[in-house]
Each structure stands twice: as structure tokens, then as C-alpha cells.
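Enquirer: For reference, the structure I am asking about is given below.
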Amino acid sequence: MSFAIDEGNKKISNRLPYNWTQHSLIAHAAGGIDGMVYTNSLEAFEASYQKGHRLFEIDLAITADGELIARHGWENTYGQHFNPEEGPLSYDHFMKSLYFEQYTPLDFNAVLELMERHQDAYLILDGKVSSVAETRELYRKVEAALEKTKKGLMDRLIPQLFYEGDIEVFRQLGFQDLIYVVGREDYTPESVAVFCKEHDIRVVSLSRSRTNEEFVKTLKTNQIDVYMYTFNDMEKMEPYMDMGVRGFFTDMLSPGKRKSAE
């Protein structure tokens, strides 16, 4: 058996819905750098881009004083200087505290500037939310930031929804392509397929524990692609690719690589 992970240097039109699914690998939290993960940093993004990634995921959180920044929540320091038990950092503290003493934190405006510089990149937005109300609050800030950007950039942003009620938030804001991350609400393969078909959601994200042949087959029968999180070993991806999984979130793997197995 042979398979290919996408050719990341290929420029994809941003006008066709879900055309970004031509990319099989997603640079998780902007991708790993020097063995470090979850930094969502400037250096991680640029390093992943140079490796050929064109499909990125960025985590979004809100600072203690209400600013929208790129961070994987507040439960771990990821090399920044603060005590997670004390809650979120202020915006100034966050921006001045390098990850692991060397990687540059990003606010959401800086993330959008990166997307404007890299016109062939797509960005999955992973809001750190625990309810539809928190989704609405976070995406009000996303909307405000987007008002200052160039027309067309929004077409390359792909929100993840965790709750079925999120769909109203995203459609009101005009987002076209979405990823449904399954697991926070009761579901069956059939109920997920029905919800996605009803709302034209063509990508579902699954953990390893939720992925099986029945689920993947049900989604593929309904023209819904599956992306799984998070893999850094190509051999461990093979069984899922055989099931029909379309792609994977990764910290360390690079696009363009090929592997053959008997």
C-alpha cells in the first residue's frame, strides 16, 4: 500500500467551498517547533509554512482584560511565566511573556496579519469555549477583528463548532466552511450525518476513541470528510487512512512526505 500526504506548496483557490480539504495535514496549534508543541507562536507558524503546511489550526482564548489571543486555554503555562491556578493573564502580561523564553505570542490581529501575508494558507479556529454563550462571546471579538482586514480573508477561516447551537453563531457571522468536533453532546453516527447534511458541514473531527469503520463509512456515504486529532507517527495513521479518514492534525509531520508499506 502507498499513500501521499498533501503537496503543501500547491496554491489552492479560496473560492470553492471546502477546497482546503485537498490538504491532508493540519498544523496543530500552528505546528510544533524545536520539539515544543501548543505554542501557537509566530515562529511555529512560519516554520510550519516553510515545511509546506498550508492548513493550520490556531487556538483562541480571551485574556483577563477581554482581549482575543492565540493560546490553548489557561490550564498550562506552555513555558510562559504565570500560575494557571490564578486564571488568565492580562493582555500585556501575555504578550510580553515568550513561550519557553524564545517563541513570540500572537494576538488574533497578528494571526490575521499572517494570513494576509500568506494568501495560500487556510486557518482552522479552535475557540476555547465550554458553551454556546462562550462561543458567541469569543466570535464577537473575531468579528470585530475581521472588520479591519481585507475582503476575502474570512473565506480562508474555518471555525470549529463543538455544540449544535454554535451553528447559528457562525452562520449569522457569514462563515461558510465549518468543522464539527464530535463528542461534547450525545450523538450517533447517523445523528452526526443528519446534522451535518442539514447545515452543509462537510468535515467532522474525531478523536481516536470515537473513530471506527462504521462511523467513518456513515459519514463518507453522506460526502462528509473525517479529520482526526492528533498524530505524529505516520504508521499509526495508516489503519485510519484505510478506513477512509481524510486527514490528521499533527504537531511534527510535514506535508509532501510519502510512505510505502507492504
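Order determines the names: the first chain of the C-alpha cells is A, the second B, and so forth; residues in each chain are numbered 1 upward, and ligands are numbered 1 upward as they are shown.
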Please, which residues in region 213-260 of chain A fall within 9 Å of region 21-39 of chain A when counting only C-alpha atoms, and what is the closest atom pair and distance in Å to one decimal for each, ordered by chain then residue number, as a tab-separated table?

Expert:
```
residue	atom	partner	partner_atom	distance
A:Asp225	CA	A:Thr21	CA	8.2
A:Tyr227	CA	A:Ser24	CA	8.1
A:Tyr229	CA	A:His28	CA	8.6
A:Thr230	CA	A:His28	CA	7.7
A:Arg246	CA	A:Ser24	CA	6.3
A:Gly247	CA	A:Ser24	CA	4.2
A:Phe248	CA	A:Leu25	CA	5.2
A:Phe249	CA	A:Ile26	CA	4.5
A:Thr250	CA	A:His28	CA	5.3
A:Asp251	CA	A:Gly32	CA	4.7
A:Met252	CA	A:Gly32	CA	5.5
A:Leu253	CA	A:Leu25	CA	8.0
A:Ser254	CA	A:Leu25	CA	7.7
A:Pro255	CA	A:Leu25	CA	6.5
```

Enquirer: Report the closest atom pair, with its distance in Å rounded to one decimal, for each residue of region 130-173 of chain A that has an atom no farther than 12 Å from region 113-121 of chain A; count only C-alpha atoms, sort by chain and then rising residue number, and write it as a Markdown table.

Expert:
```
| residue | atom | partner | partner_atom | distance |
| --- | --- | --- | --- | --- |
| A:Ala145 | CA | A:Glu113 | CA | 10.7 |
| A:Leu146 | CA | A:Glu113 | CA | 10.6 |
| A:Lys148 | CA | A:Glu113 | CA | 10.5 |
| A:Thr149 | CA | A:Glu116 | CA | 8.2 |
| A:Lys150 | CA | A:Glu116 | CA | 7.7 |
| A:Lys151 | CA | A:Glu116 | CA | 10.2 |
| A:Gly152 | CA | A:Glu116 | CA | 9.7 |
| A:Leu153 | CA | A:Glu116 | CA | 7.1 |
| A:Met154 | CA | A:Met115 | CA | 9.8 |
| A:Asp155 | CA | A:Ala121 | CA | 10.8 |
| A:Arg156 | CA | A:Ala121 | CA | 7.2 |
| A:Leu157 | CA | A:Met115 | CA | 9.2 |
| A:Ile158 | CA | A:Ala121 | CA | 11.3 |
```

Enquirer: May I have the selected residues written with C-alpha atoms, as a PDB file, in the first residue's frame?

Expert:
```pdb
ATOM      1  CA  ALA A 145     -11.071  41.943  14.265  1.00  0.00           C
ATOM      2  CA  LEU A 146     -12.221  40.838  10.814  1.00  0.00           C
ATOM      3  CA  LYS A 148     -10.325  45.669   9.903  1.00  0.00           C
ATOM      4  CA  THR A 149      -8.984  43.094   7.426  1.00  0.00           C
ATOM      5  CA  LYS A 150      -9.020  42.820   3.669  1.00  0.00           C
ATOM      6  CA  LYS A 151     -12.053  41.458   1.890  1.00  0.00           C
ATOM      7  CA  GLY A 152     -11.800  37.736   1.221  1.00  0.00           C
ATOM      8  CA  LEU A 153      -9.702  36.730   4.212  1.00  0.00           C
ATOM      9  CA  MET A 154     -12.758  35.377   6.010  1.00  0.00           C
ATOM     10  CA  ASP A 155     -13.160  32.812   3.213  1.00  0.00           C
ATOM     11  CA  ARG A 156      -9.950  31.166   4.472  1.00  0.00           C
ATOM     12  CA  LEU A 157     -11.060  30.906   8.102  1.00  0.00           C
ATOM     13  CA  ILE A 158     -12.745  27.683   9.242  1.00  0.00           C
TER      14      ILE A 158
END
```

Enquirer: Name the residues in contact with Leu68 (chain A) at a cut-off of 7 Å, using only C-alpha atoms, excluding same-chain residues fewer than 6 positions from it; report them as a PDB file with all heavy atoms, in the first residue's frame.

Expert:
```pdb
ATOM      1  N   LEU A  60      -7.841  29.796  20.191  1.00  0.00           N
ATOM      2  CA  LEU A  60      -8.230  31.150  20.564  1.00  0.00           C
ATOM      3  C   LEU A  60      -8.741  31.186  21.997  1.00  0.00           C
ATOM      4  O   LEU A  60      -9.561  30.355  22.402  1.00  0.00           O
ATOM      5  CB  LEU A  60      -9.326  31.673  19.632  1.00  0.00           C
ATOM      6  CG  LEU A  60      -8.954  31.835  18.152  1.00  0.00           C
ATOM      7  CD1 LEU A  60     -10.147  32.373  17.378  1.00  0.00           C
ATOM      8  CD2 LEU A  60      -7.747  32.746  17.992  1.00  0.00           C
ATOM      9  N   ALA A  61      -8.248  32.149  22.764  1.00  0.00           N
ATOM     10  CA  ALA A  61      -8.673  32.340  24.143  1.00  0.00           C
ATOM     11  C   ALA A  61      -8.810  33.837  24.409  1.00  0.00           C
ATOM     12  O   ALA A  61      -8.394  34.675  23.594  1.00  0.00           O
ATOM     13  CB  ALA A  61      -7.670  31.707  25.109  1.00  0.00           C
ATOM     14  N   ILE A  62      -9.371  34.163  25.556  1.00  0.00           N
ATOM     15  CA  ILE A  62      -9.595  35.560  25.932  1.00  0.00           C
ATOM     16  C   ILE A  62      -8.795  35.869  27.190  1.00  0.00           C
ATOM     17  O   ILE A  62      -8.794  35.093  28.146  1.00  0.00           O
ATOM     18  CB  ILE A  62     -11.086  35.835  26.157  1.00  0.00           C
ATOM     19  CG1 ILE A  62     -11.859  35.573  24.853  1.00  0.00           C
ATOM     20  CG2 ILE A  62     -11.315  37.272  26.627  1.00  0.00           C
ATOM     21  CD1 ILE A  62     -13.369  35.686  25.003  1.00  0.00           C
ATOM     22  N   ASP A 107      -1.489  37.830  19.277  1.00  0.00           N
ATOM     23  CA  ASP A 107      -2.901  38.126  19.469  1.00  0.00           C
ATOM     24  C   ASP A 107      -3.615  37.822  18.149  1.00  0.00           C
ATOM     25  O   ASP A 107      -2.981  37.481  17.144  1.00  0.00           O
ATOM     26  CB  ASP A 107      -3.130  39.563  19.944  1.00  0.00           C
ATOM     27  CG  ASP A 107      -2.631  40.620  18.960  1.00  0.00           C
ATOM     28  OD1 ASP A 107      -2.388  40.287  17.782  1.00  0.00           O
ATOM     29  OD2 ASP A 107      -2.468  41.786  19.383  1.00  0.00           O
ATOM     30  N   PHE A 108      -4.941  37.914  18.148  1.00  0.00           N
ATOM     31  CA  PHE A 108      -5.662  37.494  16.948  1.00  0.00           C
ATOM     32  C   PHE A 108      -5.409  38.438  15.782  1.00  0.00           C
ATOM     33  O   PHE A 108      -5.394  38.016  14.626  1.00  0.00           O
ATOM     34  CB  PHE A 108      -7.161  37.398  17.237  1.00  0.00           C
ATOM     35  CG  PHE A 108      -7.943  36.787  16.107  1.00  0.00           C
ATOM     36  CD1 PHE A 108      -7.635  35.519  15.636  1.00  0.00           C
ATOM     37  CD2 PHE A 108      -8.980  37.474  15.504  1.00  0.00           C
ATOM     38  CE1 PHE A 108      -8.348  34.946  14.591  1.00  0.00           C
ATOM     39  CE2 PHE A 108      -9.706  36.919  14.453  1.00  0.00           C
ATOM     40  CZ  PHE A 108      -9.389  35.648  13.998  1.00  0.00           C
ATOM     41  N   LYS A 141     -15.638  38.955  19.191  1.00  0.00           N
ATOM     42  CA  LYS A 141     -14.295  39.530  19.107  1.00  0.00           C
ATOM     43  C   LYS A 141     -13.635  39.163  17.775  1.00  0.00           C
ATOM     44  O   LYS A 141     -12.903  39.975  17.191  1.00  0.00           O
ATOM     45  CB  LYS A 141     -13.456  39.054  20.289  1.00  0.00           C
ATOM     46  CG  LYS A 141     -14.013  39.494  21.639  1.00  0.00           C
ATOM     47  CD  LYS A 141     -13.188  38.994  22.801  1.00  0.00           C
ATOM     48  CE  LYS A 141     -13.823  39.338  24.139  1.00  0.00           C
ATOM     49  NZ  LYS A 141     -13.940  40.796  24.367  1.00  0.00           N
TER      50      LYS A 141
END
```

Enquirer: Tell me, as a list in words, which residues lie within 8 Å of region 167-182 of chain A, counting only C-alpha atoms; anything in the same chain fewer than 5 positions away does not count.

Expert: Pro17, Tyr18, Thr135, Arg136, Tyr139, Glu143, Met154, Asp155, Leu157, Ile158, Pro159, Gln160, Leu161, Phe162, Tyr187, Val192, Cys196, His199, Ile201, Arg202, Val203, Val204, Ser205 and Leu206 of chain A

Enquirer: Where does DSSP see strand (DSSP E or B) in region 63-104 of chain A, if you list the residues as JSON, numbers by chain?

Expert: {"A": [68, 69, 70, 99, 103]}

Enquirer: Take the selection from the previous step and output its residues with all heavy atoms, as an mmCIF file, in the first residue's frame.

Expert:
```
data_model
loop_
_atom_site.group_PDB
_atom_site.id
_atom_site.type_symbol
_atom_site.label_atom_id
_atom_site.label_comp_id
_atom_site.auth_asym_id
_atom_site.auth_seq_id
_atom_site.Cartn_x
_atom_site.Cartn_y
_atom_site.Cartn_z
ATOM 1 N N LEU A 68 -8.619 39.148 22.606
ATOM 2 C CA LEU A 68 -8.595 37.860 21.907
ATOM 3 C C LEU A 68 -7.170 37.523 21.484
ATOM 4 O O LEU A 68 -6.526 38.301 20.781
ATOM 5 C CB LEU A 68 -9.506 37.919 20.679
ATOM 6 C CG LEU A 68 -9.721 36.614 19.913
ATOM 7 C CD1 LEU A 68 -10.361 35.547 20.792
ATOM 8 C CD2 LEU A 68 -10.584 36.872 18.680
ATOM 9 N N ILE A 69 -6.700 36.380 21.931
ATOM 10 C CA ILE A 69 -5.311 35.997 21.657
ATOM 11 C C ILE A 69 -5.253 34.524 21.209
ATOM 12 O O ILE A 69 -6.226 33.789 21.313
ATOM 13 C CB ILE A 69 -4.408 36.227 22.897
ATOM 14 C CG1 ILE A 69 -5.001 35.583 24.172
ATOM 15 C CG2 ILE A 69 -4.250 37.720 23.148
ATOM 16 C CD1 ILE A 69 -4.443 34.256 24.521
ATOM 17 N N ALA A 70 -4.080 34.134 20.692
ATOM 18 C CA ALA A 70 -3.867 32.758 20.252
ATOM 19 C C ALA A 70 -3.212 31.989 21.402
ATOM 20 O O ALA A 70 -2.018 32.155 21.663
ATOM 21 C CB ALA A 70 -2.981 32.726 19.012
ATOM 22 N N TYR A 99 6.989 32.181 24.977
ATOM 23 C CA TYR A 99 6.877 30.752 25.242
ATOM 24 C C TYR A 99 8.285 30.167 25.325
ATOM 25 O O TYR A 99 9.102 30.376 24.417
ATOM 26 C CB TYR A 99 6.119 30.036 24.126
ATOM 27 C CG TYR A 99 4.655 30.392 24.026
ATOM 28 C CD1 TYR A 99 4.196 31.257 23.026
ATOM 29 C CD2 TYR A 99 3.736 29.849 24.905
ATOM 30 C CE1 TYR A 99 2.851 31.556 22.916
ATOM 31 C CE2 TYR A 99 2.385 30.152 24.796
ATOM 32 C CZ TYR A 99 1.949 31.002 23.806
ATOM 33 O OH TYR A 99 0.621 31.318 23.700
ATOM 34 N N TYR A 103 9.737 31.972 21.998
ATOM 35 C CA TYR A 103 8.737 31.972 20.927
ATOM 36 C C TYR A 103 7.687 33.056 21.174
ATOM 37 O O TYR A 103 7.152 33.184 22.266
ATOM 38 C CB TYR A 103 8.073 30.602 20.804
ATOM 39 C CG TYR A 103 9.074 29.490 20.630
ATOM 40 C CD1 TYR A 103 9.163 28.462 21.563
ATOM 41 C CD2 TYR A 103 9.959 29.484 19.547
ATOM 42 C CE1 TYR A 103 10.093 27.452 21.415
ATOM 43 C CE2 TYR A 103 10.899 28.478 19.392
ATOM 44 C CZ TYR A 103 10.964 27.464 20.332
ATOM 45 O OH TYR A 103 11.900 26.467 20.190
#
```

Enquirer: Have a look at A:Asn19, A:Thr218, A:Thr211, A:Asn40 and name the one nearest to Ala110 (chain A); count only C-alpha atoms.

Expert: A:Asn40

Enquirer: Give me the residues within 9 Å of region 81-92 of chain A as a PDB file with N, CA and C atoms, in the first residue's frame, counting only C-alpha atoms and dropping any in the same chain fewer than 5 places off.

Expert:
```pdb
ATOM      1  N   ILE A  62      -9.371  34.163  25.556  1.00  0.00           N
ATOM      2  CA  ILE A  62      -9.595  35.560  25.932  1.00  0.00           C
ATOM      3  C   ILE A  62      -8.795  35.869  27.190  1.00  0.00           C
ATOM      4  N   THR A  63      -8.089  36.996  27.169  1.00  0.00           N
ATOM      5  CA  THR A  63      -7.277  37.390  28.322  1.00  0.00           C
ATOM      6  C   THR A  63      -8.162  37.889  29.467  1.00  0.00           C
ATOM      7  N   ALA A  64      -7.534  38.108  30.607  1.00  0.00           N
ATOM      8  CA  ALA A  64      -8.269  38.579  31.786  1.00  0.00           C
ATOM      9  C   ALA A  64      -8.953  39.912  31.530  1.00  0.00           C
ATOM     10  N   ASP A  65      -8.378  40.716  30.639  1.00  0.00           N
ATOM     11  CA  ASP A  65      -8.969  42.014  30.330  1.00  0.00           C
ATOM     12  C   ASP A  65      -9.703  42.032  28.995  1.00  0.00           C
ATOM     13  N   GLY A  66     -10.084  40.854  28.510  1.00  0.00           N
ATOM     14  CA  GLY A  66     -11.024  40.781  27.399  1.00  0.00           C
ATOM     15  C   GLY A  66     -10.452  40.831  26.003  1.00  0.00           C
ATOM     16  N   GLU A  67      -9.155  40.625  25.829  1.00  0.00           N
ATOM     17  CA  GLU A  67      -8.556  40.656  24.503  1.00  0.00           C
ATOM     18  C   GLU A  67      -8.470  39.241  23.919  1.00  0.00           C
ATOM     19  N   LEU A  68      -8.619  39.148  22.606  1.00  0.00           N
ATOM     20  CA  LEU A  68      -8.595  37.860  21.907  1.00  0.00           C
ATOM     21  C   LEU A  68      -7.170  37.523  21.484  1.00  0.00           C
ATOM     22  N   ILE A  69      -6.700  36.380  21.931  1.00  0.00           N
ATOM     23  CA  ILE A  69      -5.311  35.997  21.657  1.00  0.00           C
ATOM     24  C   ILE A  69      -5.253  34.524  21.209  1.00  0.00           C
ATOM     25  N   GLY A  73      -5.952  27.826  25.834  1.00  0.00           N
ATOM     26  CA  GLY A  73      -6.537  27.943  27.155  1.00  0.00           C
ATOM     27  C   GLY A  73      -5.534  28.402  28.196  1.00  0.00           C
ATOM     28  N   TRP A  74      -5.902  28.234  29.466  1.00  0.00           N
ATOM     29  CA  TRP A  74      -5.092  28.760  30.562  1.00  0.00           C
ATOM     30  C   TRP A  74      -4.733  27.697  31.592  1.00  0.00           C
ATOM     31  N   GLU A  75      -4.900  26.432  31.253  1.00  0.00           N
ATOM     32  CA  GLU A  75      -4.647  25.358  32.218  1.00  0.00           C
ATOM     33  C   GLU A  75      -3.185  24.948  32.283  1.00  0.00           C
ATOM     34  N   ASN A  76      -2.388  25.396  31.321  1.00  0.00           N
ATOM     35  CA  ASN A  76      -0.976  25.021  31.268  1.00  0.00           C
ATOM     36  C   ASN A  76      -0.158  26.254  30.906  1.00  0.00           C
ATOM     37  N   SER A  97       5.369  37.774  27.599  1.00  0.00           N
ATOM     38  CA  SER A  97       5.919  36.522  28.120  1.00  0.00           C
ATOM     39  C   SER A  97       6.134  35.530  26.985  1.00  0.00           C
ATOM     40  N   LEU A  98       7.380  35.363  26.561  1.00  0.00           N
ATOM     41  CA  LEU A  98       7.687  34.432  25.481  1.00  0.00           C
ATOM     42  C   LEU A  98       7.414  32.992  25.917  1.00  0.00           C
ATOM     43  N   TYR A  99       6.989  32.181  24.977  1.00  0.00           N
ATOM     44  CA  TYR A  99       6.877  30.752  25.242  1.00  0.00           C
ATOM     45  C   TYR A  99       8.285  30.167  25.325  1.00  0.00           C
ATOM     46  N   PHE A 100       8.564  29.456  26.389  1.00  0.00           N
ATOM     47  CA  PHE A 100       9.858  28.793  26.566  1.00  0.00           C
ATOM     48  C   PHE A 100      11.023  29.755  26.309  1.00  0.00           C
ATOM     49  N   ASP A 107      -1.489  37.830  19.277  1.00  0.00           N
ATOM     50  CA  ASP A 107      -2.901  38.126  19.469  1.00  0.00           C
ATOM     51  C   ASP A 107      -3.615  37.822  18.149  1.00  0.00           C
TER      52      ASP A 107
END
```

Enquirer: Excluding region 240-244 of chain A and any residue of its chain fewer than 3 positions from it, enumerate the residues within 12 Å of it, using only C-alpha atoms, and give them as an MDAnalysis selection string.

Expert: chainID A and resid 1:5 24 206:221 223:229 231 234:237 247:248

Enquirer: Between A:Val194, A:Val129, A:Leu138, A:Leu123, which residue has the minimum interatomic distance to His53 (chain A), considering only C-alpha atoms?

Expert: A:Leu123

Enquirer: Of the residues A:Gln50, A:Asn232, A:Gln80, A:Ser191, which is the one nearest to Met95 (chain A), using only C-alpha atoms?

Expert: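 Checking each candidate against Met95 (chain A), we get A:Gln80 as the closest.
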
Enquirer: Within region 7-154 of chain A, find each residue whose DSSP state, derived from the backbone, is helix (DSSP H, G or I), and express the selection as a PyMOL selection string.

Expert: chain A and resi 19-22+28-30+42-50+84-86+91-96+108-117+132-146+153-154

Enquirer: With N, CA and C atoms kept, could you save the residues just selected as a compact mmCIF listing (two decimals), in the first residue's frame?

Expert:
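Output below, filename again-v3.txt:
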```
# COMPACT_ATOMS: atom_id res chain seq x y z
N ASN A 19 -12.57 23.56 -0.40
CA ASN A 19 -11.45 23.18 -1.26
C ASN A 19 -10.18 22.92 -0.45
N TRP A 20 -10.11 23.43 0.76
CA TRP A 20 -8.94 23.21 1.63
C TRP A 20 -8.79 21.75 2.04
N THR A 21 -9.83 20.94 1.84
CA THR A 21 -9.71 19.53 2.19
C THR A 21 -8.79 18.78 1.23
N GLN A 22 -8.27 19.46 0.22
CA GLN A 22 -7.21 18.86 -0.59
C GLN A 22 -5.94 18.67 0.25
N HIS A 28 -1.18 21.57 13.89
CA HIS A 28 -1.90 21.70 15.15
C HIS A 28 -1.28 22.78 16.03
N ALA A 29 -2.11 23.74 16.48
CA ALA A 29 -1.63 24.86 17.31
C ALA A 29 -0.45 25.56 16.64
N ALA A 30 -0.57 25.75 15.33
CA ALA A 30 0.45 26.35 14.45
C ALA A 30 1.59 25.41 14.15
N LEU A 42 4.39 32.81 16.61
CA LEU A 42 4.83 33.31 15.32
C LEU A 42 5.85 32.38 14.69
N GLU A 43 6.83 31.96 15.46
CA GLU A 43 7.90 31.11 14.91
C GLU A 43 7.36 29.75 14.50
N ALA A 44 6.43 29.20 15.27
CA ALA A 44 5.84 27.91 14.92
C ALA A 44 5.08 27.99 13.60
N PHE A 45 4.29 29.05 13.44
CA PHE A 45 3.53 29.23 12.20
C PHE A 45 4.47 29.33 11.01
N GLU A 46 5.48 30.20 11.12
CA GLU A 46 6.38 30.41 9.98
C GLU A 46 7.19 29.14 9.67
N ALA A 47 7.60 28.41 10.71
CA ALA A 47 8.34 27.17 10.47
C ALA A 47 7.46 26.14 9.78
N SER A 48 6.20 26.04 10.19
CA SER A 48 5.28 25.10 9.57
C SER A 48 5.01 25.48 8.12
N TYR A 49 4.89 26.77 7.87
CA TYR A 49 4.68 27.22 6.49
C TYR A 49 5.87 26.85 5.62
N GLN A 50 7.07 27.04 6.13
CA GLN A 50 8.27 26.70 5.37
C GLN A 50 8.37 25.20 5.11
N PRO A 84 -1.19 28.95 36.50
CA PRO A 84 -2.50 28.67 35.91
C PRO A 84 -3.64 28.70 36.93
N GLU A 85 -3.35 28.41 38.19
CA GLU A 85 -4.39 28.42 39.21
C GLU A 85 -4.94 29.82 39.47
N GLU A 86 -4.21 30.81 39.03
CA GLU A 86 -4.66 32.20 39.23
C GLU A 86 -5.51 32.71 38.07
N TYR A 91 -3.64 40.99 28.96
CA TYR A 91 -3.11 41.06 27.60
C TYR A 91 -1.63 41.45 27.59
N ASP A 92 -1.26 42.46 28.34
CA ASP A 92 0.14 42.90 28.35
C ASP A 92 1.07 41.82 28.88
N HIS A 93 0.66 41.15 29.95
CA HIS A 93 1.48 40.09 30.52
C HIS A 93 1.66 38.96 29.50
N PHE A 94 0.58 38.58 28.85
CA PHE A 94 0.65 37.52 27.85
C PHE A 94 1.60 37.88 26.72
N MET A 95 1.45 39.07 26.17
CA MET A 95 2.24 39.46 25.00
C MET A 95 3.72 39.63 25.34
N LYS A 96 4.04 39.93 26.59
CA LYS A 96 5.43 40.14 26.98
C LYS A 96 6.13 38.85 27.44
N PHE A 108 -4.94 37.91 18.15
CA PHE A 108 -5.66 37.49 16.95
C PHE A 108 -5.41 38.44 15.78
N ASN A 109 -5.19 39.71 16.06
CA ASN A 109 -4.87 40.63 14.97
C ASN A 109 -3.57 40.23 14.27
N ALA A 110 -2.58 39.78 15.03
CA ALA A 110 -1.33 39.32 14.44
C ALA A 110 -1.53 38.04 13.63
N VAL A 111 -2.43 37.18 14.10
CA VAL A 111 -2.76 35.98 13.34
C VAL A 111 -3.34 36.35 11.98
N LEU A 112 -4.23 37.31 11.98
CA LEU A 112 -4.83 37.75 10.71
C LEU A 112 -3.80 38.39 9.79
N GLU A 113 -2.84 39.09 10.37
CA GLU A 113 -1.76 39.65 9.55
C GLU A 113 -0.94 38.54 8.89
N LEU A 114 -0.69 37.46 9.60
CA LEU A 114 -0.01 36.31 9.00
C LEU A 114 -0.82 35.75 7.83
N MET A 115 -2.12 35.67 8.00
CA MET A 115 -2.97 35.15 6.93
C MET A 115 -2.99 36.08 5.73
N GLU A 116 -2.89 37.37 5.96
CA GLU A 116 -2.84 38.30 4.84
C GLU A 116 -1.52 38.19 4.09
N ARG A 117 -0.44 37.88 4.81
CA ARG A 117 0.86 37.70 4.16
C ARG A 117 0.94 36.39 3.39
N VAL A 132 -22.37 27.45 24.22
CA VAL A 132 -22.73 28.28 23.08
C VAL A 132 -22.59 29.76 23.43
N ALA A 133 -22.90 30.11 24.66
CA ALA A 133 -22.77 31.52 25.08
C ALA A 133 -21.31 31.96 24.99
N GLU A 134 -20.38 31.11 25.38
CA GLU A 134 -18.97 31.46 25.28
C GLU A 134 -18.52 31.53 23.81
N THR A 135 -19.08 30.67 22.98
CA THR A 135 -18.79 30.75 21.54
C THR A 135 -19.22 32.10 21.00
N ARG A 136 -20.41 32.52 21.39
CA ARG A 136 -20.94 33.81 20.91
C ARG A 136 -20.04 34.96 21.37
N GLU A 137 -19.61 34.93 22.62
CA GLU A 137 -18.74 35.99 23.15
C GLU A 137 -17.41 36.03 22.40
N LEU A 138 -16.79 34.87 22.21
CA LEU A 138 -15.49 34.82 21.55
C LEU A 138 -15.59 35.29 20.10
N TYR A 139 -16.63 34.87 19.40
CA TYR A 139 -16.73 35.21 17.98
C TYR A 139 -17.21 36.64 17.74
N ARG A 140 -17.76 37.29 18.75
CA ARG A 140 -17.97 38.74 18.62
C ARG A 140 -16.63 39.44 18.47
N LYS A 141 -15.64 38.95 19.19
CA LYS A 141 -14.30 39.53 19.11
C LYS A 141 -13.64 39.16 17.77
N VAL A 142 -13.89 37.95 17.30
CA VAL A 142 -13.39 37.56 15.97
C VAL A 142 -13.99 38.49 14.91
N GLU A 143 -15.29 38.72 14.99
CA GLU A 143 -15.97 39.59 14.03
C GLU A 143 -15.39 40.99 14.04
N ALA A 144 -15.14 41.53 15.21
CA ALA A 144 -14.60 42.88 15.31
C ALA A 144 -13.22 42.97 14.67
N ALA A 145 -12.41 41.94 14.87
CA ALA A 145 -11.07 41.94 14.26
C ALA A 145 -11.16 41.83 12.75
N LEU A 146 -12.10 41.04 12.26
CA LEU A 146 -12.22 40.84 10.81
C LEU A 146 -12.68 42.10 10.09
N LEU A 153 -10.46 37.52 3.24
CA LEU A 153 -9.70 36.73 4.21
C LEU A 153 -10.62 35.78 4.98
N MET A 154 -11.82 36.21 5.26
CA MET A 154 -12.76 35.38 6.01
C MET A 154 -13.03 34.06 5.30
```

Enquirer: May I ask for the distance between CA of Ser131 (chain A) and CA of Ile58 (chain A), given in Å to one decimal place?

Expert: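 A separation of 18.9 Å between them.
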
Enquirer: Have a look at CA of Glu185 (chain A) and CA of Gly127 (chain A) and let me know their distance in Å, one decimal.

Expert: 16.7 Å
